[in-house]
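What follows is the content of protein05.txt, which has compact mmCIF, N, CA, C and O atoms:
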# COMPACT_ATOMS: atom_id res chain seq x y z
N MET F 1 -7.14 23.42 3.49
CA MET F 1 -7.16 23.13 2.07
C MET F 1 -7.31 21.63 1.82
O MET F 1 -8.13 21.22 1.01
N LEU F 2 -6.50 20.81 2.52
CA LEU F 2 -6.57 19.37 2.32
C LEU F 2 -7.90 18.80 2.81
O LEU F 2 -8.45 17.87 2.20
N LEU F 3 -8.42 19.36 3.89
CA LEU F 3 -9.73 18.90 4.38
C LEU F 3 -10.84 19.23 3.39
O LEU F 3 -11.79 18.48 3.24
N GLN F 4 -10.71 20.37 2.70
CA GLN F 4 -11.70 20.72 1.68
C GLN F 4 -11.63 19.75 0.51
O GLN F 4 -12.67 19.35 -0.04
N ILE F 5 -10.43 19.33 0.14
CA ILE F 5 -10.28 18.32 -0.92
C ILE F 5 -10.94 17.02 -0.48
O ILE F 5 -11.65 16.37 -1.26
N GLY F 6 -10.73 16.65 0.78
CA GLY F 6 -11.36 15.44 1.30
C GLY F 6 -12.87 15.52 1.28
O GLY F 6 -13.55 14.54 0.95
N GLN F 7 -13.42 16.68 1.64
CA GLN F 7 -14.88 16.84 1.63
C GLN F 7 -15.44 16.74 0.21
O GLN F 7 -16.50 16.17 0.00
N VAL F 8 -14.72 17.30 -0.75
CA VAL F 8 -15.15 17.19 -2.15
C VAL F 8 -15.15 15.72 -2.58
O VAL F 8 -16.08 15.25 -3.24
N LEU F 9 -14.11 14.99 -2.21
CA LEU F 9 -14.04 13.56 -2.56
C LEU F 9 -15.19 12.78 -1.91
O LEU F 9 -15.79 11.91 -2.54
N ILE F 10 -15.50 13.09 -0.66
CA ILE F 10 -16.59 12.39 0.03
C ILE F 10 -17.93 12.69 -0.62
O ILE F 10 -18.74 11.79 -0.86
N GLN F 11 -18.19 13.97 -0.93
CA GLN F 11 -19.45 14.32 -1.56
C GLN F 11 -19.57 13.71 -2.95
O GLN F 11 -20.65 13.25 -3.34
N ALA F 12 -18.47 13.68 -3.69
CA ALA F 12 -18.51 13.09 -5.03
C ALA F 12 -18.72 11.58 -4.95
O ALA F 12 -19.44 11.01 -5.77
N SER F 13 -18.14 10.93 -3.96
CA SER F 13 -18.32 9.48 -3.84
C SER F 13 -19.71 9.12 -3.37
O SER F 13 -20.20 8.03 -3.66
N ASP F 14 -20.36 10.01 -2.65
CA ASP F 14 -21.75 9.76 -2.25
C ASP F 14 -22.69 9.82 -3.45
O ASP F 14 -23.67 9.09 -3.52
N SER F 15 -22.37 10.67 -4.43
CA SER F 15 -23.25 10.80 -5.59
C SER F 15 -22.96 9.73 -6.65
O SER F 15 -23.88 9.26 -7.31
N SER F 16 -21.70 9.35 -6.82
CA SER F 16 -21.32 8.34 -7.81
C SER F 16 -20.18 7.49 -7.24
O SER F 16 -19.01 7.75 -7.53
N PRO F 17 -20.51 6.48 -6.43
CA PRO F 17 -19.45 5.74 -5.72
C PRO F 17 -18.52 4.94 -6.62
O PRO F 17 -17.33 4.83 -6.33
N ILE F 18 -19.01 4.40 -7.71
CA ILE F 18 -18.15 3.57 -8.56
C ILE F 18 -17.11 4.42 -9.28
O ILE F 18 -15.92 4.10 -9.28
N VAL F 19 -17.54 5.52 -9.85
CA VAL F 19 -16.60 6.41 -10.55
C VAL F 19 -15.60 6.99 -9.56
O VAL F 19 -14.40 7.05 -9.83
N MET F 20 -16.09 7.41 -8.40
CA MET F 20 -15.17 7.99 -7.42
C MET F 20 -14.22 6.94 -6.87
O MET F 20 -13.06 7.25 -6.56
N GLY F 21 -14.68 5.69 -6.77
CA GLY F 21 -13.79 4.62 -6.34
C GLY F 21 -12.64 4.41 -7.32
O GLY F 21 -11.50 4.20 -6.92
N LEU F 22 -12.96 4.49 -8.61
CA LEU F 22 -11.91 4.36 -9.62
C LEU F 22 -10.93 5.54 -9.57
O LEU F 22 -9.72 5.34 -9.65
N ILE F 23 -11.46 6.74 -9.42
CA ILE F 23 -10.60 7.92 -9.37
C ILE F 23 -9.74 7.90 -8.11
O ILE F 23 -8.52 8.11 -8.17
N LEU F 24 -10.36 7.62 -6.96
CA LEU F 24 -9.62 7.59 -5.70
C LEU F 24 -8.62 6.45 -5.70
O LEU F 24 -7.49 6.59 -5.22
N GLY F 25 -9.01 5.30 -6.26
CA GLY F 25 -8.08 4.18 -6.36
C GLY F 25 -6.87 4.50 -7.20
O GLY F 25 -5.74 4.14 -6.85
N ALA F 26 -7.07 5.18 -8.31
CA ALA F 26 -5.94 5.56 -9.17
C ALA F 26 -5.05 6.58 -8.47
O ALA F 26 -3.82 6.48 -8.53
N LEU F 27 -5.65 7.54 -7.79
CA LEU F 27 -4.88 8.55 -7.08
C LEU F 27 -4.03 7.92 -5.98
O LEU F 27 -2.84 8.21 -5.86
N ILE F 28 -4.64 7.06 -5.18
CA ILE F 28 -3.91 6.43 -4.08
C ILE F 28 -2.83 5.50 -4.63
O ILE F 28 -1.74 5.40 -4.06
N THR F 29 -3.08 4.83 -5.75
CA THR F 29 -2.09 3.95 -6.34
C THR F 29 -0.86 4.74 -6.80
O THR F 29 0.27 4.30 -6.60
N ILE F 30 -1.09 5.90 -7.38
CA ILE F 30 0.03 6.75 -7.81
C ILE F 30 0.80 7.25 -6.59
O ILE F 30 2.04 7.25 -6.58
N VAL F 31 0.09 7.65 -5.55
CA VAL F 31 0.75 8.15 -4.35
C VAL F 31 1.50 7.03 -3.63
O VAL F 31 2.53 7.27 -2.99
N ALA F 32 1.03 5.79 -3.76
CA ALA F 32 1.67 4.67 -3.06
C ALA F 32 3.09 4.42 -3.54
O ALA F 32 3.87 3.82 -2.82
N THR F 33 3.45 4.88 -4.74
CA THR F 33 4.82 4.72 -5.21
C THR F 33 5.74 5.77 -4.63
O THR F 33 6.96 5.65 -4.74
N ALA F 34 5.21 6.80 -4.01
CA ALA F 34 6.00 7.86 -3.41
C ALA F 34 6.35 7.49 -1.96
O ALA F 34 5.72 6.62 -1.36
N PRO F 35 7.34 8.15 -1.38
CA PRO F 35 7.69 7.86 0.01
C PRO F 35 6.57 8.21 1.01
O PRO F 35 6.53 7.66 2.09
N LEU F 36 5.67 9.11 0.61
CA LEU F 36 4.56 9.48 1.48
C LEU F 36 3.62 8.29 1.65
O LEU F 36 3.24 7.65 0.67
N SER F 37 3.25 8.00 2.86
CA SER F 37 2.34 6.90 3.10
C SER F 37 0.96 7.26 2.56
O SER F 37 0.42 8.33 2.85
N SER F 38 0.38 6.37 1.79
CA SER F 38 -0.92 6.65 1.21
C SER F 38 -2.01 6.65 2.28
O SER F 38 -2.99 7.37 2.17
N MET F 39 -1.85 5.87 3.34
CA MET F 39 -2.81 5.90 4.43
C MET F 39 -2.70 7.22 5.20
O MET F 39 -3.70 7.75 5.66
N ALA F 40 -1.48 7.74 5.30
CA ALA F 40 -1.32 9.05 5.93
C ALA F 40 -2.00 10.12 5.08
O ALA F 40 -2.64 11.03 5.60
N LEU F 41 -1.89 9.99 3.76
CA LEU F 41 -2.54 10.96 2.86
C LEU F 41 -4.05 10.92 3.05
O LEU F 41 -4.69 11.97 3.14
N THR F 42 -4.64 9.71 3.09
CA THR F 42 -6.09 9.64 3.24
C THR F 42 -6.55 10.19 4.58
O THR F 42 -7.61 10.79 4.66
N SER F 43 -5.76 10.02 5.62
CA SER F 43 -6.17 10.59 6.91
C SER F 43 -5.94 12.10 6.95
O SER F 43 -6.70 12.83 7.58
N ILE F 44 -4.92 12.59 6.24
CA ILE F 44 -4.68 14.03 6.19
C ILE F 44 -5.82 14.75 5.49
O ILE F 44 -6.25 15.82 5.92
N ILE F 45 -6.34 14.17 4.39
CA ILE F 45 -7.42 14.84 3.68
C ILE F 45 -8.78 14.52 4.30
O ILE F 45 -9.80 14.94 3.79
N GLY F 46 -8.79 13.77 5.40
CA GLY F 46 -10.01 13.60 6.18
C GLY F 46 -10.94 12.49 5.71
O GLY F 46 -12.13 12.54 6.02
N LEU F 47 -10.43 11.52 4.99
CA LEU F 47 -11.28 10.42 4.56
C LEU F 47 -11.42 9.40 5.69
O LEU F 47 -10.43 9.01 6.31
N THR F 48 -12.64 8.99 5.95
CA THR F 48 -12.89 7.98 6.97
C THR F 48 -13.89 6.97 6.43
O THR F 48 -14.51 7.18 5.39
N GLY F 49 -14.06 5.88 7.14
CA GLY F 49 -15.07 4.90 6.79
C GLY F 49 -14.81 4.23 5.46
O GLY F 49 -13.70 3.81 5.15
N ILE F 50 -15.85 4.13 4.66
CA ILE F 50 -15.75 3.43 3.37
C ILE F 50 -14.80 4.13 2.42
O ILE F 50 -14.15 3.49 1.60
N HIS F 51 -14.68 5.43 2.54
CA HIS F 51 -13.77 6.18 1.67
C HIS F 51 -12.32 5.81 1.96
O HIS F 51 -11.51 5.67 1.05
N MET F 52 -11.98 5.62 3.23
CA MET F 52 -10.63 5.19 3.58
C MET F 52 -10.45 3.72 3.20
O MET F 52 -9.35 3.29 2.85
N GLY F 53 -11.53 2.94 3.24
CA GLY F 53 -11.47 1.55 2.80
C GLY F 53 -11.12 1.42 1.33
O GLY F 53 -10.38 0.52 0.92
N ILE F 54 -11.65 2.33 0.52
CA ILE F 54 -11.30 2.35 -0.91
C ILE F 54 -9.80 2.61 -1.06
O ILE F 54 -9.13 1.97 -1.86
N GLY F 55 -9.29 3.52 -0.26
CA GLY F 55 -7.85 3.80 -0.29
C GLY F 55 -7.03 2.59 0.14
O GLY F 55 -5.98 2.30 -0.44
N THR F 56 -7.52 1.85 1.13
CA THR F 56 -6.82 0.66 1.60
C THR F 56 -6.77 -0.40 0.51
O THR F 56 -5.73 -1.03 0.29
N LEU F 57 -7.88 -0.62 -0.16
CA LEU F 57 -7.90 -1.59 -1.26
C LEU F 57 -6.97 -1.16 -2.40
O LEU F 57 -6.33 -2.00 -3.03
N ALA F 58 -6.90 0.13 -2.65
CA ALA F 58 -6.01 0.62 -3.70
C ALA F 58 -4.55 0.39 -3.32
O ALA F 58 -3.73 0.02 -4.18
N VAL F 59 -4.23 0.59 -2.05
CA VAL F 59 -2.85 0.33 -1.60
C VAL F 59 -2.51 -1.14 -1.74
O VAL F 59 -1.42 -1.51 -2.17
N PHE F 60 -3.45 -2.00 -1.38
CA PHE F 60 -3.22 -3.44 -1.51
C PHE F 60 -2.96 -3.82 -2.96
O PHE F 60 -2.03 -4.56 -3.27
N GLY F 61 -3.77 -3.29 -3.86
CA GLY F 61 -3.59 -3.57 -5.28
C GLY F 61 -2.29 -3.00 -5.82
O GLY F 61 -1.61 -3.63 -6.63
N SER F 62 -1.94 -1.81 -5.37
CA SER F 62 -0.72 -1.18 -5.88
C SER F 62 0.53 -1.88 -5.37
O SER F 62 1.55 -1.88 -6.05
N SER F 63 0.47 -2.48 -4.18
CA SER F 63 1.65 -3.20 -3.68
C SER F 63 1.94 -4.40 -4.57
O SER F 63 3.10 -4.70 -4.86
N PHE F 64 0.90 -5.08 -5.04
CA PHE F 64 1.10 -6.18 -5.97
C PHE F 64 1.68 -5.69 -7.29
O PHE F 64 2.61 -6.28 -7.84
N MET F 65 1.14 -4.57 -7.78
CA MET F 65 1.63 -4.02 -9.05
C MET F 65 3.07 -3.52 -8.91
O MET F 65 3.86 -3.66 -9.84
N ASN F 66 3.43 -2.95 -7.76
CA ASN F 66 4.81 -2.53 -7.54
C ASN F 66 5.75 -3.73 -7.54
O ASN F 66 6.86 -3.64 -8.05
N TYR F 67 5.32 -4.84 -6.93
CA TYR F 67 6.13 -6.05 -6.93
C TYR F 67 6.40 -6.52 -8.37
O TYR F 67 7.53 -6.83 -8.73
N ILE F 68 5.35 -6.55 -9.18
CA ILE F 68 5.51 -6.96 -10.58
C ILE F 68 6.42 -6.00 -11.32
O ILE F 68 7.33 -6.42 -12.05
N PHE F 69 6.21 -4.70 -11.12
CA PHE F 69 7.03 -3.69 -11.80
C PHE F 69 8.50 -3.81 -11.41
O PHE F 69 9.38 -3.83 -12.27
N PHE F 70 8.78 -3.93 -10.10
CA PHE F 70 10.17 -4.02 -9.65
C PHE F 70 10.83 -5.30 -10.11
O PHE F 70 12.02 -5.31 -10.42
N SER F 71 10.08 -6.40 -10.16
CA SER F 71 10.69 -7.65 -10.63
C SER F 71 10.96 -7.59 -12.13
O SER F 71 11.99 -8.11 -12.59
N LYS F 72 10.08 -6.98 -12.91
CA LYS F 72 10.32 -6.85 -14.35
C LYS F 72 11.50 -5.90 -14.64
O LYS F 72 12.24 -6.11 -15.60
N MET F 73 11.63 -4.87 -13.82
CA MET F 73 12.74 -3.91 -14.02
C MET F 73 14.04 -4.40 -13.39
O MET F 73 15.07 -3.75 -13.51
N LYS F 74 13.97 -5.53 -12.67
CA LYS F 74 15.12 -6.15 -12.00
C LYS F 74 15.75 -5.22 -10.96
O LYS F 74 16.98 -5.10 -10.87
N PHE F 75 14.89 -4.55 -10.16
CA PHE F 75 15.37 -3.75 -9.04
C PHE F 75 15.54 -4.67 -7.84
O PHE F 75 14.59 -5.29 -7.38
N GLY F 76 16.74 -4.76 -7.30
CA GLY F 76 16.98 -5.60 -6.14
C GLY F 76 16.98 -7.07 -6.49
O GLY F 76 16.84 -7.48 -7.63
N SER F 77 17.15 -7.88 -5.47
CA SER F 77 17.11 -9.33 -5.66
C SER F 77 16.20 -9.94 -4.60
O SER F 77 15.79 -9.27 -3.66
N LYS F 78 15.90 -11.21 -4.74
CA LYS F 78 14.97 -11.86 -3.80
C LYS F 78 15.58 -11.92 -2.39
O LYS F 78 14.85 -11.89 -1.42
N LYS F 79 16.89 -12.00 -2.26
CA LYS F 79 17.49 -12.05 -0.93
C LYS F 79 17.46 -10.68 -0.24
O LYS F 79 17.58 -10.59 0.97
N ASP F 80 17.30 -9.58 -1.01
CA ASP F 80 17.22 -8.25 -0.43
C ASP F 80 15.84 -7.94 0.14
O ASP F 80 15.70 -7.03 0.94
N THR F 81 14.82 -8.67 -0.31
CA THR F 81 13.46 -8.34 0.12
C THR F 81 13.00 -9.19 1.26
O THR F 81 13.52 -10.15 1.65

So that I can check it, write out the structure of this file as structure tokens.
Amino acid sequence: MLLQIGQVLIQASDSSPIVMGLILGALITIVATAPLSSMALTSIIGLTGIHMGIGTLAVFGSSFMNYIFFSKMKFGSKKDT
């Protein structure tokens, strides 16, 4: 089932890479806030190459956004991180 989802994502990104990059980036960003590793998710659904690279860039962007979110919400302190 997960491999079929991955194949659909790969085929869709081949036909419209910019739109699929935005969709995949948003999906990976949402998953990055969960305990599940987003890189593990991309490998489970069978994404490789440039498709996994899109996921990597999304994780990088989401880590910055998580830092901003946690600092604004005052979760933890600087000495804890």

Problem set entry | Expected answer as a VMD selection string: alpha helix (DSSP H) residues in chain F | chain F and resid 2 to 15 17 to 32 38 to 44 50 to 73

Contacts of F:Met1 at 8 Å (all atoms listed in the file; same-chain gap of 5+ positions) as a PDB file with N, CA, C and O atoms, in the coordinates of the input:
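Saved the output as selection31.pdb:
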ATOM      1  N   GLY F   6     -10.730  16.650   0.780  1.00  0.00           N
ATOM      2  CA  GLY F   6     -11.360  15.440   1.300  1.00  0.00           C
ATOM      3  C   GLY F   6     -12.870  15.520   1.280  1.00  0.00           C
ATOM      4  O   GLY F   6     -13.550  14.540   0.950  1.00  0.00           O
ATOM      5  N   GLN F   7     -13.420  16.680   1.640  1.00  0.00           N
ATOM      6  CA  GLN F   7     -14.880  16.840   1.630  1.00  0.00           C
ATOM      7  C   GLN F   7     -15.440  16.740   0.210  1.00  0.00           C
ATOM      8  O   GLN F   7     -16.500  16.170   0.000  1.00  0.00           O
ATOM      9  N   VAL F   8     -14.720  17.300  -0.750  1.00  0.00           N
ATOM     10  CA  VAL F   8     -15.150  17.190  -2.150  1.00  0.00           C
ATOM     11  C   VAL F   8     -15.150  15.720  -2.580  1.00  0.00           C
ATOM     12  O   VAL F   8     -16.080  15.250  -3.240  1.00  0.00           O
ATOM     13  N   ILE F  44      -4.920  12.590   6.240  1.00  0.00           N
ATOM     14  CA  ILE F  44      -4.680  14.030   6.190  1.00  0.00           C
ATOM     15  C   ILE F  44      -5.820  14.750   5.490  1.00  0.00           C
ATOM     16  O   ILE F  44      -6.250  15.820   5.920  1.00  0.00           O
ATOM     17  N   ILE F  45      -6.340  14.170   4.390  1.00  0.00           N
ATOM     18  CA  ILE F  45      -7.420  14.840   3.680  1.00  0.00           C
ATOM     19  C   ILE F  45      -8.780  14.520   4.300  1.00  0.00           C
ATOM     20  O   ILE F  45      -9.800  14.940   3.790  1.00  0.00           O
TER      21      ILE F  45
END

Exercise. Taking into account all atoms listed in the file, which residue in the set F:Ile5, F:Leu47, F:Met73, F:Ile54 is nearest to F:Gly21?
Worked result: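 When distances to F:Gly21 are compared using all atoms listed in the file, the smallest one comes from F:Ile54.
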
Problem set entry | Nearby residues (only C-alpha atoms) at most 12 Å from F:His51, same-chain spacing under 3 positions excluded, as a PyMOL selection string | chain F and resi 6-14+17-18+20-25+28+39+42-43+45-48+54-58

For this session: Between atom C of F:Val19 and atom N of F:Phe69, measure the distance and give it in Å to one decimal.
Result: 24.8 Å

Exercise. Expressed in Å to a single decimal, how great is the separation between atom CA of F:Lys72 and atom CA of F:Phe60?
Worked result: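 Interatomic distance, atom CA of F:Lys72 to atom CA of F:Phe60: 19.0 Å.
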
Output stretch 2-13 of chain F as a PDB file, in the coordinates of the input, making sure all heavy atoms are there.
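Once written, result-v2.pdb looks like this:
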ATOM      1  N   LEU F   2      -6.500  20.810   2.520  1.00  0.00           N
ATOM      2  CA  LEU F   2      -6.570  19.370   2.320  1.00  0.00           C
ATOM      3  C   LEU F   2      -7.900  18.800   2.810  1.00  0.00           C
ATOM      4  O   LEU F   2      -8.450  17.870   2.200  1.00  0.00           O
ATOM      5  CB  LEU F   2      -5.402  18.670   3.002  1.00  0.00           C
ATOM      6  CG  LEU F   2      -4.032  18.915   2.373  1.00  0.00           C
ATOM      7  CD1 LEU F   2      -2.933  18.288   3.208  1.00  0.00           C
ATOM      8  CD2 LEU F   2      -3.988  18.376   0.963  1.00  0.00           C
ATOM      9  N   LEU F   3      -8.420  19.360   3.890  1.00  0.00           N
ATOM     10  CA  LEU F   3      -9.730  18.900   4.380  1.00  0.00           C
ATOM     11  C   LEU F   3     -10.840  19.230   3.390  1.00  0.00           C
ATOM     12  O   LEU F   3     -11.790  18.480   3.240  1.00  0.00           O
ATOM     13  CB  LEU F   3     -10.026  19.490   5.757  1.00  0.00           C
ATOM     14  CG  LEU F   3      -9.175  18.940   6.900  1.00  0.00           C
ATOM     15  CD1 LEU F   3      -9.489  19.676   8.198  1.00  0.00           C
ATOM     16  CD2 LEU F   3      -9.391  17.455   7.064  1.00  0.00           C
ATOM     17  N   GLN F   4     -10.710  20.370   2.700  1.00  0.00           N
ATOM     18  CA  GLN F   4     -11.700  20.720   1.680  1.00  0.00           C
ATOM     19  C   GLN F   4     -11.630  19.750   0.510  1.00  0.00           C
ATOM     20  O   GLN F   4     -12.670  19.350  -0.040  1.00  0.00           O
ATOM     21  CB  GLN F   4     -11.464  22.146   1.182  1.00  0.00           C
ATOM     22  CG  GLN F   4     -11.777  23.203   2.217  1.00  0.00           C
ATOM     23  CD  GLN F   4     -11.366  24.590   1.760  1.00  0.00           C
ATOM     24  OE1 GLN F   4     -10.590  24.747   0.823  1.00  0.00           O
ATOM     25  NE2 GLN F   4     -11.885  25.608   2.441  1.00  0.00           N
ATOM     26  N   ILE F   5     -10.430  19.330   0.140  1.00  0.00           N
ATOM     27  CA  ILE F   5     -10.280  18.320  -0.920  1.00  0.00           C
ATOM     28  C   ILE F   5     -10.940  17.020  -0.480  1.00  0.00           C
ATOM     29  O   ILE F   5     -11.650  16.370  -1.260  1.00  0.00           O
ATOM     30  CB  ILE F   5      -8.795  18.107  -1.262  1.00  0.00           C
ATOM     31  CG1 ILE F   5      -8.221  19.365  -1.905  1.00  0.00           C
ATOM     32  CG2 ILE F   5      -8.613  16.893  -2.180  1.00  0.00           C
ATOM     33  CD1 ILE F   5      -6.718  19.336  -2.088  1.00  0.00           C
ATOM     34  N   GLY F   6     -10.730  16.650   0.780  1.00  0.00           N
ATOM     35  CA  GLY F   6     -11.360  15.440   1.300  1.00  0.00           C
ATOM     36  C   GLY F   6     -12.870  15.520   1.280  1.00  0.00           C
ATOM     37  O   GLY F   6     -13.550  14.540   0.950  1.00  0.00           O
ATOM     38  N   GLN F   7     -13.420  16.680   1.640  1.00  0.00           N
ATOM     39  CA  GLN F   7     -14.880  16.840   1.630  1.00  0.00           C
ATOM     40  C   GLN F   7     -15.440  16.740   0.210  1.00  0.00           C
ATOM     41  O   GLN F   7     -16.500  16.170   0.000  1.00  0.00           O
ATOM     42  CB  GLN F   7     -15.268  18.180   2.271  1.00  0.00           C
ATOM     43  CG  GLN F   7     -15.041  18.228   3.768  1.00  0.00           C
ATOM     44  CD  GLN F   7     -15.829  17.147   4.476  1.00  0.00           C
ATOM     45  OE1 GLN F   7     -16.977  16.868   4.153  1.00  0.00           O
ATOM     46  NE2 GLN F   7     -15.194  16.509   5.455  1.00  0.00           N
ATOM     47  N   VAL F   8     -14.720  17.300  -0.750  1.00  0.00           N
ATOM     48  CA  VAL F   8     -15.150  17.190  -2.150  1.00  0.00           C
ATOM     49  C   VAL F   8     -15.150  15.720  -2.580  1.00  0.00           C
ATOM     50  O   VAL F   8     -16.080  15.250  -3.240  1.00  0.00           O
ATOM     51  CB  VAL F   8     -14.254  18.048  -3.074  1.00  0.00           C
ATOM     52  CG1 VAL F   8     -14.494  17.728  -4.538  1.00  0.00           C
ATOM     53  CG2 VAL F   8     -14.469  19.518  -2.806  1.00  0.00           C
ATOM     54  N   LEU F   9     -14.110  14.990  -2.210  1.00  0.00           N
ATOM     55  CA  LEU F   9     -14.040  13.560  -2.560  1.00  0.00           C
ATOM     56  C   LEU F   9     -15.190  12.780  -1.910  1.00  0.00           C
ATOM     57  O   LEU F   9     -15.790  11.910  -2.540  1.00  0.00           O
ATOM     58  CB  LEU F   9     -12.697  12.974  -2.134  1.00  0.00           C
ATOM     59  CG  LEU F   9     -11.480  13.432  -2.923  1.00  0.00           C
ATOM     60  CD1 LEU F   9     -10.202  12.895  -2.298  1.00  0.00           C
ATOM     61  CD2 LEU F   9     -11.594  13.002  -4.371  1.00  0.00           C
ATOM     62  N   ILE F  10     -15.500  13.090  -0.660  1.00  0.00           N
ATOM     63  CA  ILE F  10     -16.590  12.390   0.030  1.00  0.00           C
ATOM     64  C   ILE F  10     -17.930  12.690  -0.620  1.00  0.00           C
ATOM     65  O   ILE F  10     -18.740  11.790  -0.860  1.00  0.00           O
ATOM     66  CB  ILE F  10     -16.581  12.746   1.536  1.00  0.00           C
ATOM     67  CG1 ILE F  10     -15.363  12.114   2.217  1.00  0.00           C
ATOM     68  CG2 ILE F  10     -17.870  12.297   2.217  1.00  0.00           C
ATOM     69  CD1 ILE F  10     -15.151  12.574   3.644  1.00  0.00           C
ATOM     70  N   GLN F  11     -18.190  13.970  -0.930  1.00  0.00           N
ATOM     71  CA  GLN F  11     -19.450  14.320  -1.560  1.00  0.00           C
ATOM     72  C   GLN F  11     -19.570  13.710  -2.950  1.00  0.00           C
ATOM     73  O   GLN F  11     -20.650  13.250  -3.340  1.00  0.00           O
ATOM     74  CB  GLN F  11     -19.576  15.848  -1.642  1.00  0.00           C
ATOM     75  CG  GLN F  11     -19.780  16.501  -0.295  1.00  0.00           C
ATOM     76  CD  GLN F  11     -19.717  18.019  -0.376  1.00  0.00           C
ATOM     77  OE1 GLN F  11     -19.474  18.581  -1.442  1.00  0.00           O
ATOM     78  NE2 GLN F  11     -19.943  18.680   0.747  1.00  0.00           N
ATOM     79  N   ALA F  12     -18.470  13.680  -3.690  1.00  0.00           N
ATOM     80  CA  ALA F  12     -18.510  13.090  -5.030  1.00  0.00           C
ATOM     81  C   ALA F  12     -18.720  11.580  -4.950  1.00  0.00           C
ATOM     82  O   ALA F  12     -19.440  11.010  -5.770  1.00  0.00           O
ATOM     83  CB  ALA F  12     -17.223  13.404  -5.774  1.00  0.00           C
ATOM     84  N   SER F  13     -18.140  10.930  -3.960  1.00  0.00           N
ATOM     85  CA  SER F  13     -18.320   9.480  -3.840  1.00  0.00           C
ATOM     86  C   SER F  13     -19.710   9.120  -3.370  1.00  0.00           C
ATOM     87  O   SER F  13     -20.200   8.030  -3.660  1.00  0.00           O
ATOM     88  CB  SER F  13     -17.256   8.874  -2.931  1.00  0.00           C
ATOM     89  OG  SER F  13     -17.435   9.320  -1.615  1.00  0.00           O
TER      90      SER F  13
END
